[in-house]
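One structure is given below, encoded as C-alpha cells.
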Amino acid sequence: MKTQPQVSRGMQRTVSWVSVLTMAAGLAACSGGTPKDQEPLSSPTFERALVFLQTQAHSTDPVVRANCIEALQASHDPRALETIEEGLHDKDGGVRFVAAMAAGERKAQSLRPVLNTLVTTDSDPNVRVGCIFALRRLGDKAHWGELGAAMESPNPDVRANTALAVGIFGDAADQVLLQHYRDDPVARVRMAIATALARMGNADAQQVIVSESVNKFAEDQYNAMEACAYLPPEVAINPLLLGLQGPGASGGGTATAPAGAAGGASGASAELITRRQLIAARSLAKLRNGSGSKIALENLNNPDPSLRALAALALGEMLTSRQAPGLEPLLADPDDGVKRAAAAAVVNIYARAGNK
C-alpha cells in the first residue's frame, strides 16, 4: 500500500507543468492540434513509454499483459508489432484474444500465417473469434460466417466478444445477426450488442446507449459513456457533457455504488462521480471536443491512482506529440497502473500524430 508522502511527492512533480498542459489540452482538443509537419513522430518520451509497455507486457499478470498489448496496437513502431505477435502465443486465452483483435486493428499482414493457424486450432473460442475478426480485416471472409454459431455459445464472454468484433468491423449487413440476439439473457451481452449496433449506425441502439448513460448504476453509466465515443457527435455530445457535471448539478443524477463499497456513502459517491467525469472527458476528446480538459488536468494530482490513470488516458486523446513530454512526471508515478496509463497515453498521442 502506498504511503501519503509518496503521493505528495508525485503531486509536487506536477505543479510546474499543469498550467502548460491546461493551454495545450484545450488547443489540441478543440482545434485538432498543430499541423502534421510541426508534430514530431518520436521523442525520448515516446521511447520511454514504448519500452515500459514492452517490459510490462511480460508481467506475470495476464490482465497487465493484455492491457499493454491493447495500448501498443495504436503504435506504428515495429517493436509494438513484435509484442502483439508474442501475445498471440501467450498461455492465457484472454491475452491471445486481445492480441488477435490488435492484429486486426493494425491490419498486420505479417501475422496472417499465425492467425490462419489459431482460427481453427486454438482451444479458446474467444481467441478464434478474435482471429476471425483479424482475418476479415485482412480481407479474408472465409470464417466470418462462423460468428453466427459464436452468438449461440453458452459462454457469455464469447457472445459479448463476438458482438464487439462485429461492431468494430462495422459492416451494416451484419446488423441482422446482432438484432436476432439483442434480447440475450445476460445484461452485459445485451449491452455489447447494443454498443455494436450503435457503432454501426442503428438509431434505436444509439438511443439505448444514451439512456444507459444516465442509468442509476455507475458501471452502466461508464460503459455507455465509453460507447458514446464511437457515436455521431450529434448523438453523443449532450450525454457526455451531462457526464462532466459534478455533484449537485441539475439533471446529472447520482450513480449507485456497488454493494460493499468502502469509504462511506459520500466518499464512494465522490469517487464514482469523478470516474464518470473522466470517462466522459476521454470520450469527448475522441470526438474532438475539449470540454473535459480541465477535469482531466485537475485529476492528475488525485490521490486515487486509478483516477490519475484515467486522467492520463483522457489527456492521451487531447495533447499533440509536441506537448506529450508534459506527461513525463506520470511515467515516474509511484503506481505501476498510472505509469502504464501514462505510457499508453503517450503512445496514443504519437500514433495520432502519425495518422494525420
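Naming works like this for the C-alpha cells: A, B, ... for the chains as they're shown, residue 1 at the start of each chain, ligands 1 onward in shown order.
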Non-local contacts of Arg182 of chain A (9 Å; only C-alpha atoms; under 5 positions in same chain excluded) as a PDB file with C-alpha atoms, in the first residue's frame:
```pdb
ATOM      1  CA  VAL A 189     -24.088  -9.258 -23.579  1.00  0.00           C
ATOM      2  CA  ARG A 190     -27.158  -7.159 -24.366  1.00  0.00           C
ATOM      3  CA  MET A 191     -25.040  -4.057 -23.740  1.00  0.00           C
ATOM      4  CA  ILE A 193     -24.857  -5.976 -28.763  1.00  0.00           C
ATOM      5  CA  ALA A 194     -26.445  -2.536 -28.298  1.00  0.00           C
TER       6      ALA A 194
END
```
- Can you pull out every residue within 10 Å of Thr274 of chain A, counting only C-alpha atoms, but drop anything in the same chain fewer than 4 positions away, and send it as a PyMOL selection string? chain A and resi 243-247+269-270+278-280+295-296+299+302+307+310-311
Computed gap from atom CA of Asp184 of chain A to atom CA of Ala149 of chain A is 14.3 Å
Problem set entry | Residues within 12 Å of segment 224-234 of chain A, only C-alpha atoms, excluding chain neighbours under 3 positions, as number ranges by chain | A: 164, 167-168, 170, 188, 191-203, 205-215, 217-221, 237-244, 275-289, 314, 317
* Would you mind writing down, as a PyMOL selection string, each residue of segment 150-328 of chain A that DSSP on the backbone assigns to helix (DSSP H, G or I)? => chain A and resi 150+156-169+172-180+187-199+203-212+218-228+233-243+264-286+293-301+305-315+324-328
Exercise. Hey, what's within 9 Å of Gln56 of chain A if we count only C-alpha atoms and toss same-chain stuff fewer than 4 positions away? As a ChimeraX atom specification, please?
Worked result: /A:51-52,60,64-65,68,340
Write to file, as a PDB file, in the first residue's frame, the residues of the selection just made, with N, CA and C atoms.
```
ATOM      1  N   VAL A  51       9.051   1.404 -24.410  1.00  0.00           N
ATOM      2  CA  VAL A  51       9.860   0.379 -23.741  1.00  0.00           C
ATOM      3  C   VAL A  51       9.189  -0.077 -22.446  1.00  0.00           C
ATOM      4  N   PHE A  52       8.575   0.859 -21.731  1.00  0.00           N
ATOM      5  CA  PHE A  52       7.887   0.487 -20.497  1.00  0.00           C
ATOM      6  C   PHE A  52       6.731  -0.480 -20.792  1.00  0.00           C
ATOM      7  N   THR A  60       3.689 -11.024 -14.917  1.00  0.00           N
ATOM      8  CA  THR A  60       3.073 -12.302 -14.541  1.00  0.00           C
ATOM      9  C   THR A  60       1.549 -12.208 -14.516  1.00  0.00           C
ATOM     10  N   VAL A  64      -2.469  -7.315 -17.036  1.00  0.00           N
ATOM     11  CA  VAL A  64      -1.461  -6.305 -17.375  1.00  0.00           C
ATOM     12  C   VAL A  64      -0.913  -6.566 -18.774  1.00  0.00           C
ATOM     13  N   ARG A  65      -0.606  -7.823 -19.088  1.00  0.00           N
ATOM     14  CA  ARG A  65      -0.091  -8.148 -20.420  1.00  0.00           C
ATOM     15  C   ARG A  65      -1.097  -7.748 -21.499  1.00  0.00           C
ATOM     16  N   CYS A  68      -1.282  -3.914 -21.966  1.00  0.00           N
ATOM     17  CA  CYS A  68      -0.124  -3.372 -22.684  1.00  0.00           C
ATOM     18  C   CYS A  68      -0.231  -3.633 -24.179  1.00  0.00           C
ATOM     19  N   ARG A 340       1.522   2.785 -16.519  1.00  0.00           N
ATOM     20  CA  ARG A 340       1.044   2.127 -17.752  1.00  0.00           C
ATOM     21  C   ARG A 340       0.063   3.018 -18.494  1.00  0.00           C
TER      22      ARG A 340
END
```
One residue among A:Ala134, A:Leu300, A:Leu50, A:Val176 is nearest to Leu327 of chain A when using only C-alpha atoms, and that residue is A:Leu300
Review point. Smallest atom-to-atom distance to Arg352 of chain A: which of A:Gly139, A:Pro305, A:Gly316, A:Gly87, using only C-alpha atoms?
Key: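 Selected residue with least distance to Arg352 of chain A: A:Gly316.
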